[in-house]
$ cat model.cif   # mmCIF, C-alpha atoms and all ligand atoms
data_upload
loop_
_atom_site.label_atom_id
_atom_site.label_comp_id
_atom_site.auth_asym_id
_atom_site.auth_seq_id
_atom_site.Cartn_x
_atom_site.Cartn_y
_atom_site.Cartn_z
CA MET A 205 -44.10 -61.91 -77.23
CA ILE A 206 -47.59 -60.44 -77.66
CA LYS A 207 -48.15 -59.40 -81.29
CA GLN A 208 -51.47 -57.59 -80.89
CA THR A 209 -51.93 -53.83 -80.60
CA ILE A 210 -53.72 -52.71 -77.46
CA ALA A 211 -55.29 -49.35 -76.62
CA PHE A 212 -56.07 -48.05 -73.16
CA LEU A 213 -59.22 -45.92 -73.05
CA GLY A 214 -58.47 -43.98 -69.86
CA ALA A 215 -55.11 -42.88 -68.52
CA GLY A 216 -55.72 -42.76 -64.78
CA SER A 217 -53.96 -44.50 -61.92
CA MET A 218 -55.07 -48.05 -62.81
CA ALA A 219 -54.13 -47.63 -66.47
CA GLU A 220 -50.71 -46.30 -65.49
CA ALA A 221 -50.08 -49.20 -63.09
CA MET A 222 -50.88 -51.68 -65.88
CA ILE A 223 -48.85 -49.83 -68.54
CA SER A 224 -45.85 -49.65 -66.23
CA GLY A 225 -45.99 -53.40 -65.47
CA MET A 226 -46.57 -54.41 -69.10
CA VAL A 227 -43.70 -52.31 -70.44
CA GLU A 228 -41.40 -53.47 -67.64
CA SER A 229 -42.25 -57.14 -68.36
CA GLY A 230 -41.05 -56.88 -71.96
CA SER A 231 -43.88 -59.18 -73.07
CA ILE A 232 -45.34 -56.50 -75.33
CA PRO A 233 -43.28 -53.82 -77.11
CA ALA A 234 -44.12 -50.29 -75.92
CA HIS A 235 -44.98 -49.16 -79.46
CA GLN A 236 -47.84 -51.71 -79.52
CA ILE A 237 -49.47 -49.95 -76.56
CA ILE A 238 -51.59 -46.87 -77.33
CA VAL A 239 -52.88 -44.77 -74.44
CA THR A 240 -55.81 -42.39 -74.80
CA ASN A 241 -57.97 -40.09 -72.73
CA ARG A 242 -60.62 -37.54 -73.57
CA SER A 243 -58.77 -34.23 -73.33
CA ASN A 244 -55.84 -34.18 -70.89
CA GLN A 245 -52.85 -33.86 -73.24
CA ASP A 246 -50.45 -33.11 -70.34
CA ARG A 247 -51.28 -36.46 -68.76
CA LEU A 248 -50.69 -38.24 -72.08
CA ASN A 249 -47.32 -36.48 -72.49
CA GLU A 250 -46.36 -37.60 -68.98
CA ILE A 251 -47.29 -41.26 -69.71
CA GLN A 252 -45.47 -41.17 -73.05
CA SER A 253 -42.26 -39.80 -71.59
CA LYS A 254 -42.29 -42.25 -68.65
CA TYR A 255 -43.06 -45.47 -70.54
CA GLY A 256 -42.30 -44.83 -74.23
CA VAL A 257 -45.80 -45.89 -75.30
CA ARG A 258 -47.82 -44.17 -78.04
CA THR A 259 -50.42 -41.68 -76.85
CA VAL A 260 -53.27 -39.94 -78.62
CA LEU A 261 -56.47 -38.13 -77.65
CA LYS A 262 -59.47 -40.46 -77.95
CA ASN A 263 -60.95 -38.65 -80.96
CA ASP A 264 -57.71 -39.07 -82.93
CA LEU A 265 -57.37 -42.81 -82.28
CA ASN A 266 -57.27 -45.05 -85.35
CA TYR A 267 -59.70 -47.68 -84.01
CA SER A 268 -59.08 -50.14 -86.85
CA GLU A 269 -55.44 -50.75 -85.87
CA VAL A 270 -56.39 -51.90 -82.36
CA ASP A 271 -56.89 -55.59 -81.48
CA GLN A 272 -57.79 -55.25 -77.80
CA PHE A 273 -59.20 -52.11 -76.12
CA ILE A 274 -58.58 -51.90 -72.40
CA LEU A 275 -61.42 -49.94 -70.83
CA ALA A 276 -59.89 -48.08 -67.87
CA MET A 277 -62.24 -45.20 -67.21
CA LYS A 278 -64.55 -44.77 -64.20
CA PRO A 279 -67.67 -46.97 -64.25
CA LYS A 280 -69.92 -43.88 -64.55
CA ASP A 281 -68.42 -43.19 -68.01
CA ILE A 282 -69.06 -46.68 -69.39
CA ASP A 283 -72.35 -46.02 -71.19
CA ALA A 284 -70.96 -43.18 -73.28
CA VAL A 285 -67.89 -45.28 -74.14
CA LEU A 286 -69.90 -48.36 -75.20
CA GLU A 287 -72.30 -46.24 -77.25
CA ASP A 288 -69.32 -44.75 -79.08
CA LEU A 289 -67.43 -48.04 -79.53
CA ARG A 290 -70.48 -49.81 -80.90
CA TYR A 291 -70.20 -47.87 -84.15
CA ARG A 292 -66.43 -47.91 -84.35
CA ILE A 293 -65.33 -51.52 -83.81
CA ASP A 294 -65.74 -54.87 -85.56
CA SER A 295 -66.57 -58.26 -84.13
CA ASP A 296 -62.95 -59.44 -84.29
CA GLN A 297 -61.85 -56.66 -81.90
CA VAL A 298 -62.01 -57.30 -78.17
CA LEU A 299 -63.00 -55.09 -75.23
CA VAL A 300 -61.17 -55.85 -71.99
CA SER A 301 -62.76 -54.00 -69.07
CA VAL A 302 -61.07 -53.32 -65.73
CA LEU A 303 -64.16 -51.52 -64.42
CA ALA A 304 -65.43 -52.57 -61.00
CA GLY A 305 -69.03 -53.72 -60.90
CA ILE A 306 -69.65 -53.83 -64.66
CA SER A 307 -70.64 -57.30 -65.86
CA THR A 308 -69.85 -58.84 -69.23
CA SER A 309 -73.56 -59.01 -70.04
CA TYR A 310 -73.97 -55.30 -69.19
CA MET A 311 -71.38 -54.58 -71.89
CA GLU A 312 -72.68 -57.19 -74.37
CA ASP A 313 -76.22 -55.79 -74.10
CA ARG A 314 -74.96 -52.35 -75.19
CA LEU A 315 -72.74 -53.55 -78.06
CA ASN A 316 -73.37 -55.26 -81.37
CA ASP A 317 -74.52 -58.87 -81.21
CA GLY A 318 -71.64 -61.27 -80.66
CA GLN A 319 -69.12 -58.63 -79.56
CA GLN A 320 -66.15 -60.11 -77.75
CA VAL A 321 -65.68 -58.76 -74.20
CA ILE A 322 -63.52 -59.83 -71.27
CA ARG A 323 -63.85 -58.60 -67.70
CA VAL A 324 -60.67 -58.39 -65.65
CA MET A 325 -59.96 -57.16 -62.14
CA PRO A 326 -56.34 -56.18 -61.52
CA ASN A 327 -54.98 -54.10 -58.65
CA THR A 328 -52.46 -51.27 -58.46
CA SER A 329 -49.61 -53.66 -57.62
CA SER A 330 -49.61 -54.17 -61.41
CA MET A 331 -47.06 -51.37 -61.34
CA LEU A 332 -44.51 -53.80 -59.85
CA ARG A 333 -45.92 -56.81 -61.71
CA GLU A 334 -47.39 -58.15 -58.45
CA SER A 335 -51.11 -57.86 -59.15
CA ALA A 336 -53.56 -60.65 -58.38
CA THR A 337 -55.78 -60.33 -61.44
CA ALA A 338 -59.06 -62.08 -62.19
CA VAL A 339 -60.04 -62.82 -65.80
CA CYS A 340 -63.54 -63.70 -66.93
CA PRO A 341 -64.54 -63.90 -70.62
CA GLY A 342 -67.96 -62.96 -71.98
CA HIS A 343 -70.26 -65.22 -74.00
CA TYR A 344 -68.79 -64.62 -77.45
CA THR A 345 -65.07 -64.30 -76.80
CA GLY A 346 -62.78 -66.59 -78.79
CA MET A 347 -60.32 -68.72 -76.85
CA ASP A 348 -57.38 -67.23 -78.80
CA ASN A 349 -58.33 -63.76 -77.55
CA VAL A 350 -58.80 -65.01 -73.98
CA MET A 351 -55.27 -66.42 -74.19
CA VAL A 352 -53.88 -63.04 -75.32
CA ALA A 353 -55.73 -61.22 -72.52
CA LYS A 354 -54.38 -63.76 -70.00
CA GLU A 355 -50.87 -63.24 -71.35
CA LEU A 356 -51.27 -59.47 -71.00
CA MET A 357 -52.49 -59.85 -67.41
CA LYS A 358 -49.71 -62.34 -66.71
CA ALA A 359 -47.29 -59.52 -67.55
CA ILE A 360 -48.58 -57.61 -64.50
CA GLY A 361 -48.73 -60.44 -61.96
CA GLU A 362 -50.63 -63.63 -61.20
CA VAL A 363 -53.79 -64.49 -63.13
CA PHE A 364 -56.90 -66.25 -61.82
CA VAL A 365 -59.61 -67.33 -64.26
CA ILE A 366 -62.84 -67.22 -62.26
CA ASP A 367 -66.60 -67.51 -62.79
CA GLU A 368 -68.25 -64.14 -63.10
CA ASP A 369 -70.47 -64.65 -60.06
CA LYS A 370 -67.25 -64.57 -57.97
CA MET A 371 -66.08 -61.27 -59.45
CA ASP A 372 -67.65 -59.08 -56.72
CA VAL A 373 -65.98 -60.94 -53.88
CA PHE A 374 -62.70 -61.09 -55.84
CA THR A 375 -62.91 -57.30 -56.18
CA GLY A 376 -63.47 -57.02 -52.42
CA ILE A 377 -60.43 -59.18 -51.72
CA ALA A 378 -57.85 -58.37 -54.41
CA GLY A 379 -59.00 -55.28 -56.35
CA SER A 380 -59.55 -53.20 -53.22
CA GLY A 381 -57.30 -55.37 -51.04
CA PRO A 382 -54.06 -53.38 -51.29
CA ALA A 383 -55.86 -50.47 -49.58
CA TYR A 384 -56.59 -52.63 -46.52
CA PHE A 385 -52.90 -53.43 -46.15
CA TYR A 386 -51.93 -49.77 -46.60
CA TYR A 387 -54.49 -48.88 -43.92
CA LEU A 388 -52.94 -51.53 -41.65
CA MET A 389 -49.52 -49.98 -42.28
CA GLU A 390 -50.83 -46.51 -41.45
CA HIS A 391 -51.87 -47.87 -38.05
CA ILE A 392 -48.56 -49.70 -37.58
CA GLU A 393 -46.71 -46.44 -38.27
CA GLU A 394 -49.02 -44.46 -36.01
CA THR A 395 -48.60 -46.86 -33.09
CA GLY A 396 -44.82 -47.26 -33.42
CA ASN A 397 -44.39 -43.52 -33.84
CA ALA A 398 -46.32 -42.87 -30.63
CA GLU A 399 -43.68 -45.09 -28.94
CA GLY A 400 -40.89 -42.87 -30.29
CA MET A 401 -39.80 -44.73 -33.46
CA ASP A 402 -39.31 -42.80 -36.69
CA ARG A 403 -41.85 -43.33 -39.48
CA GLU A 404 -39.34 -44.19 -42.20
CA THR A 405 -37.84 -47.08 -40.23
CA LEU A 406 -41.31 -48.19 -39.16
CA ARG A 407 -42.42 -48.36 -42.80
CA GLU A 408 -39.49 -50.65 -43.64
CA ILE A 409 -40.12 -52.85 -40.60
CA GLY A 410 -43.86 -53.09 -41.27
CA ALA A 411 -43.47 -53.74 -45.00
CA GLN A 412 -40.77 -56.40 -44.45
CA THR A 413 -43.00 -58.12 -41.88
CA LEU A 414 -45.90 -58.10 -44.36
CA LEU A 415 -43.67 -59.33 -47.20
CA GLY A 416 -42.21 -62.13 -45.07
CA ALA A 417 -45.67 -63.33 -44.00
CA ALA A 418 -46.92 -63.17 -47.61
CA LYS A 419 -43.95 -65.23 -48.82
CA MET A 420 -44.47 -67.81 -46.05
CA MET A 421 -48.09 -68.23 -47.18
CA LEU A 422 -47.09 -68.55 -50.83
CA GLU A 423 -44.05 -70.76 -50.44
CA ARG A 424 -44.73 -73.00 -47.43
CA ASP A 425 -47.23 -75.83 -47.14
CA GLU A 426 -48.67 -74.84 -43.75
CA SER A 427 -52.09 -73.19 -43.63
CA PRO A 428 -52.38 -69.58 -42.37
CA SER A 429 -53.79 -70.97 -39.13
CA GLU A 430 -50.75 -73.28 -38.65
CA LEU A 431 -48.38 -70.43 -39.48
CA ARG A 432 -50.15 -68.23 -36.94
CA GLN A 433 -49.86 -70.94 -34.30
CA ASN A 434 -46.11 -71.24 -35.01
CA VAL A 435 -45.70 -67.57 -34.09
CA THR A 436 -47.78 -67.89 -30.94
CA SER A 437 -45.85 -69.04 -27.85
CA PRO A 438 -47.99 -70.08 -24.88
CA ASN A 439 -48.72 -67.07 -22.71
CA GLY A 440 -46.37 -64.98 -24.85
CA THR A 441 -46.55 -61.65 -26.68
CA THR A 442 -48.38 -62.90 -29.81
CA ALA A 443 -51.12 -64.51 -27.71
CA ALA A 444 -51.61 -61.14 -25.99
CA GLY A 445 -51.62 -59.31 -29.33
CA LEU A 446 -54.07 -61.73 -30.95
CA GLU A 447 -56.37 -61.57 -27.95
CA ALA A 448 -56.44 -57.75 -28.21
CA LEU A 449 -57.08 -58.07 -31.97
CA HIS A 450 -59.92 -60.50 -31.35
CA GLN A 451 -61.42 -58.34 -28.57
CA SER A 452 -61.32 -55.32 -30.89
CA GLY A 453 -63.15 -57.21 -33.66
CA GLY A 454 -60.08 -57.54 -35.92
CA GLY A 455 -61.15 -60.66 -37.85
CA GLU A 456 -64.70 -59.43 -38.22
CA ALA A 457 -63.45 -56.05 -39.45
CA ILE A 458 -61.55 -57.76 -42.30
CA SER A 459 -64.62 -59.84 -43.27
CA GLU A 460 -66.80 -56.74 -43.19
CA ALA A 461 -64.35 -54.82 -45.38
CA ILE A 462 -64.46 -57.56 -48.04
CA LYS A 463 -68.24 -57.86 -47.83
CA GLY A 464 -68.67 -54.07 -48.00
CA ALA A 465 -66.52 -53.77 -51.13
CA ALA A 466 -68.19 -56.79 -52.78
CA SER A 467 -71.63 -55.44 -52.10
CA ARG A 468 -70.65 -52.02 -53.50
CA SER A 469 -69.40 -53.81 -56.63
CA LYS A 470 -72.84 -55.47 -57.02
CA GLU A 471 -74.60 -52.19 -56.39
CA MET A 472 -72.59 -50.22 -58.98
CA SER A 473 -73.98 -51.93 -62.08
CA LYS A 474 -77.52 -51.68 -60.64
CA GLU A 475 -76.98 -47.94 -60.18
CA LEU A 476 -75.93 -47.61 -63.81
CA GLU A 477 -78.97 -49.58 -65.01
CA GLY A 478 -81.07 -47.14 -62.95
CA MET A 479 -79.35 -44.15 -64.54
CA LEU A 480 -80.13 -45.53 -67.98
CA VAL A 481 -83.81 -46.13 -67.20
CA GLY A 482 -84.04 -42.65 -65.65
CA SER A 483 -82.51 -41.01 -68.70
CA LYS A 484 -85.02 -42.50 -71.18
N1 LIG A 501 -57.60 -47.83 -58.82
C1 LIG A 501 -57.62 -49.13 -58.59
O1 LIG A 501 -56.99 -49.66 -57.65
C2 LIG A 501 -58.45 -50.02 -59.46
C3 LIG A 501 -59.35 -49.49 -60.39
N2 LIG A 501 -60.09 -50.32 -61.17
C4 LIG A 501 -61.00 -49.73 -62.13
O2 LIG A 501 -60.22 -48.94 -63.01
C5 LIG A 501 -61.02 -47.89 -63.53
C6 LIG A 501 -60.21 -46.60 -63.52
O3 LIG A 501 -59.88 -46.29 -62.18
P1 LIG A 501 -58.78 -45.19 -61.85
O4 LIG A 501 -57.61 -45.37 -62.76
O5 LIG A 501 -58.57 -45.28 -60.39
O6 LIG A 501 -59.59 -43.86 -62.28
P2 LIG A 501 -59.04 -42.45 -62.76
O7 LIG A 501 -60.13 -41.47 -62.50
O8 LIG A 501 -57.68 -42.23 -62.17
O9 LIG A 501 -58.88 -42.61 -64.36
C7 LIG A 501 -59.94 -42.63 -65.27
C8 LIG A 501 -59.43 -42.13 -66.62
O10 LIG A 501 -60.40 -42.35 -67.65
C9 LIG A 501 -60.40 -41.24 -68.53
N3 LIG A 501 -61.65 -41.30 -69.33
C10 LIG A 501 -62.92 -41.10 -68.93
N4 LIG A 501 -63.77 -41.28 -69.97
C11 LIG A 501 -63.02 -41.62 -71.05
C12 LIG A 501 -63.29 -41.94 -72.40
N5 LIG A 501 -64.52 -41.90 -72.88
N6 LIG A 501 -62.25 -42.27 -73.23
C13 LIG A 501 -61.01 -42.28 -72.78
N7 LIG A 501 -60.67 -41.98 -71.48
C14 LIG A 501 -61.66 -41.65 -70.65
C15 LIG A 501 -60.22 -40.07 -67.61
O11 LIG A 501 -59.78 -38.95 -68.32
C16 LIG A 501 -59.11 -40.63 -66.68
O12 LIG A 501 -57.85 -40.50 -67.30
C17 LIG A 501 -62.29 -47.82 -62.70
O13 LIG A 501 -63.34 -48.27 -63.50
C18 LIG A 501 -62.04 -48.78 -61.55
O14 LIG A 501 -63.19 -49.48 -61.18
C19 LIG A 501 -59.97 -51.69 -61.13
C20 LIG A 501 -59.10 -52.26 -60.25
C21 LIG A 501 -58.31 -51.50 -59.31
O1 LIG A 502 -62.31 -48.41 -55.48
C1 LIG A 502 -62.68 -48.86 -56.59
O2 LIG A 502 -63.86 -48.81 -56.95
C2 LIG A 502 -61.65 -49.50 -57.50
C3 LIG A 502 -62.02 -50.91 -57.87
C4 LIG A 502 -61.09 -51.80 -57.10
C5 LIG A 502 -60.10 -50.88 -56.55
N1 LIG A 502 -60.39 -49.64 -56.81
#

$ encode --input "model.cif" --output "structure tokens" --more "lines below"
Ligand SMILES: NC(=O)C1=CN([C@@H]2O[C@H](COP(=O)(O)OP(=O)(O)OC[C@H]3O[C@@H](n4cnc5c(N)ncnc54)[C@H](O)[C@@H]3O)[C@@H](O)[C@H]2O)C=CC1
Ligand SMILES: O=C(O)[C@@H]1CCC=N1
Amino acid sequence: MIKQTIAFLGAGSMAEAMISGMVESGSIPAHQIIVTNRSNQDRLNEIQSKYGVRTVLKNDLNYSEVDQFILAMKPKDIDAVLEDLRYRIDSDQVLVSVLAGISTSYMEDRLNDGQQVIRVMPNTSSMLRESATAVCPGHYTGMDNVMVAKELMKAIGEVFVIDEDKMDVFTGIAGSGPAYFYYLMEHIEETGNAEGMDRETLREIGAQTLLGAAKMMLERDESPSELRQNVTSPNGTTAAGLEALHQSGGGEAISEAIKGAASRSKEMSKELEGMLVGSK
């Protein structure tokens, strides 16, 4: 059981997905989770009534009772948040950021020397404790705090400790990834519906097919390529489907989606650095 007190700064969709998964997991008591935002009291009331966590507007937070702050606001708000936190926290407190494109050194440079930071990249499947979450500690973070952050992330799914130079591509694959599969499903529904099937049934069929394939990849020893070949009978339906996919640039489209998201992740911190220079 996690004994530390954690505070979410930001109560948007990613924060809610994480709160839901953490509370559901039982690995941290709800009263040890504090959720804050700047001014939207209605949103805090909603989160409190759904998950039983403590909520408070940011200005009323007692910073000294918090062990780990989970930064869950939009990247554009990071500078104001770091500027504020710098004067409010001690070196034994830890900042865990879920922000896309914001490096550990970007945060360290704007905080007091030696401040402990951890960069994580979850996805919205945290809500069902099925996230694939990357964890990457900064330069000054104690191993005990990394272990707590890993335990927290473990509560919302599978954890992968990675080098920070892989964080952009990880974001392109797993942070943004659920959206690609939802987009795929939208097309499955569209196509089946045009053939006269109802959307509700199509959603179940599509999702079960996706789930089955995901489980095969996780639980069987065959590679994705071997699994694909097992589905593909000579001159059969799958061969025709895969050929159409190939002709329409299917594989390339997936690679380009990952590369596009990863490159946007890289670009985002550069944009912020630019904003800072411009504002001086
Ligand atoms: N949505 C997703 O699938 C994922 C999002 N992320 C990251 O999570 C972060 C949040 O994304 P969303 O939840 O989608 O955004 P959102 O716009 O739904 O939520 C942002 C929240 O931050 C609050 N906020 C802004 N400044 C604040 C401050 N100074 N103190 C306290 N609260 C403050 C806003 O009021 C809002 O509640 C982003 O940085 C994003 O890169 C990471 C992985 C996946
Ligand atoms: O779209 C975004 O920027 C965030 C980060 C990963 C998923 N959603």

$ residues_around --input "model.cif" --residues "region 449-462 of chain A" --least-positions-apart "2" --cutoff "8 Å" --atoms "all atoms listed in the file" --output "list in words"
Val373, Gly376, Ile377, Gly445, Leu446, Glu447, Gly464, Ala465 and Ala466 of chain A

$ residues_around --input "model.cif" --residues "region 303-311 of chain A" --least-positions-apart "2" --cutoff "9 Å" --atoms "only C-alpha atoms" --output "NGL selection string"
:A and (275-279 or 282-283 or 286 or 301 or 313-315 or 319 or 321-325 or 340-343 or 368 or 371-372 or 375 or 379 or 466 or 468-474 or 476-477)

$ write_last_selection --input "model.cif" --atoms "C-alpha atoms" --output "compact mmCIF listing (two decimals), keeping the file's coordinate frame"
# COMPACT_ATOMS: atom_id res chain seq x y z
CA LEU A 275 -61.42 -49.94 -70.83
CA ALA A 276 -59.89 -48.08 -67.87
CA MET A 277 -62.24 -45.20 -67.21
CA LYS A 278 -64.55 -44.77 -64.20
CA PRO A 279 -67.67 -46.97 -64.25
CA ILE A 282 -69.06 -46.68 -69.39
CA ASP A 283 -72.35 -46.02 -71.19
CA LEU A 286 -69.90 -48.36 -75.20
CA SER A 301 -62.76 -54.00 -69.07
CA ASP A 313 -76.22 -55.79 -74.10
CA ARG A 314 -74.96 -52.35 -75.19
CA LEU A 315 -72.74 -53.55 -78.06
CA GLN A 319 -69.12 -58.63 -79.56
CA VAL A 321 -65.68 -58.76 -74.20
CA ILE A 322 -63.52 -59.83 -71.27
CA ARG A 323 -63.85 -58.60 -67.70
CA VAL A 324 -60.67 -58.39 -65.65
CA MET A 325 -59.96 -57.16 -62.14
CA CYS A 340 -63.54 -63.70 -66.93
CA PRO A 341 -64.54 -63.90 -70.62
CA GLY A 342 -67.96 -62.96 -71.98
CA HIS A 343 -70.26 -65.22 -74.00
CA GLU A 368 -68.25 -64.14 -63.10
CA MET A 371 -66.08 -61.27 -59.45
CA ASP A 372 -67.65 -59.08 -56.72
CA THR A 375 -62.91 -57.30 -56.18
CA GLY A 379 -59.00 -55.28 -56.35
CA ALA A 466 -68.19 -56.79 -52.78
CA ARG A 468 -70.65 -52.02 -53.50
CA SER A 469 -69.40 -53.81 -56.63
CA LYS A 470 -72.84 -55.47 -57.02
CA GLU A 471 -74.60 -52.19 -56.39
CA MET A 472 -72.59 -50.22 -58.98
CA SER A 473 -73.98 -51.93 -62.08
CA LYS A 474 -77.52 -51.68 -60.64
CA LEU A 476 -75.93 -47.61 -63.81
CA GLU A 477 -78.97 -49.58 -65.01

$ atom_distance --input "model.cif" --atom1 "CA of Gln297 (chain A)" --atom2 "CA of Thr240 (chain A)"
17.0 Å

$ closest_residue --input "model.cif" --among "A:Ile274, A:Val435, A:Ala418, A:Ala284" --to "ligand LIG 501 (chain A)" --atoms "all atoms listed in the file"
A:Ala284

$ closest_residue --input "model.cif" --among "A:Ala383, A:Ile366, A:Ile223, A:Val270" --to "ligand LIG 501 (chain A)" --atoms "all atoms listed in the file"
A:Ala383

$ residues_around --input "model.cif" --residues "region 253-265 of chain A" --least-positions-apart "5" --cutoff "7 Å" --atoms "all atoms listed in the file" --output "NGL selection string"
:A and (224 or 227 or 234-235 or 237-243 or 248)

$ closest_residue --input "model.cif" --among "A:Met389, A:Gln272, A:Gln412, A:Ala398" --to "Thr345 (chain A)" --atoms "only C-alpha atoms"
A:Gln272

$ residues_near_point --input "model.cif" --point "(-53.2, -52.1, -58.8)" --cutoff "10 Å" --atoms "only C-alpha atoms" --output "list in words"
Ser217, Met218, Ala219, Glu220, Ala221, Met222, Gly225, Met325, Pro326, Asn327, Thr328, Ser329, Ser330, Met331, Leu332, Arg333, Glu334, Ser335, Ala336, Thr337, Ile360, Gly361, Ala378, Gly379, Ser380, Gly381, Pro382 and Ala383 of chain A

$ residues_around --input "model.cif" --residues "region 230-232 of chain A" --least-positions-apart "4" --cutoff "9 Å" --atoms "all atoms listed in the file" --output "compact mmCIF listing (two decimals) with C-alpha atoms, keeping the file's coordinate frame"
# COMPACT_ATOMS: atom_id res chain seq x y z
CA MET A 205 -44.10 -61.91 -77.23
CA ILE A 206 -47.59 -60.44 -77.66
CA LYS A 207 -48.15 -59.40 -81.29
CA GLN A 208 -51.47 -57.59 -80.89
CA THR A 209 -51.93 -53.83 -80.60
CA GLY A 225 -45.99 -53.40 -65.47
CA MET A 226 -46.57 -54.41 -69.10
CA GLN A 236 -47.84 -51.71 -79.52
CA ILE A 237 -49.47 -49.95 -76.56
CA GLU A 355 -50.87 -63.24 -71.35
CA LEU A 356 -51.27 -59.47 -71.00
CA ALA A 359 -47.29 -59.52 -67.55

$ closest_residue --input "model.cif" --among "A:Ser437, A:Val285, A:Asn266, A:Lys463" --to "ligand LIG 501 (chain A)" --atoms "all atoms listed in the file"
A:Val285

$ closest_residue --input "model.cif" --among "A:Tyr384, A:Gly400, A:Arg290, A:Asp246" --to "ligand LIG 502 (chain A)" --atoms "all atoms listed in the file"
A:Tyr384

$ closest_residue --input "model.cif" --among "A:Val302, A:Ile409, A:Leu431, A:Ile293" --to "ligand LIG 501 (chain A)" --atoms "only C-alpha atoms and all ligand atoms"
A:Val302

$ atom_distance --input "model.cif" --atom1 "CA of Phe374 (chain A)" --atom2 "CA of Leu422 (chain A)"
18.0 Å

$ atom_distance --input "model.cif" --atom1 "CA of Tyr387 (chain A)" --atom2 "CA of Asp425 (chain A)"
28.1 Å

$ axis_aligned_box --input "model.cif" --around "ligand LIG 501 (chain A)" --padding-each-side "4 Å" --output "lines of an AutoDock Vina configuration file"
center_x = -60.8
center_y = -45.6
center_z = -65.4
size_x = 15.5
size_y = 21.3
size_z = 23.6
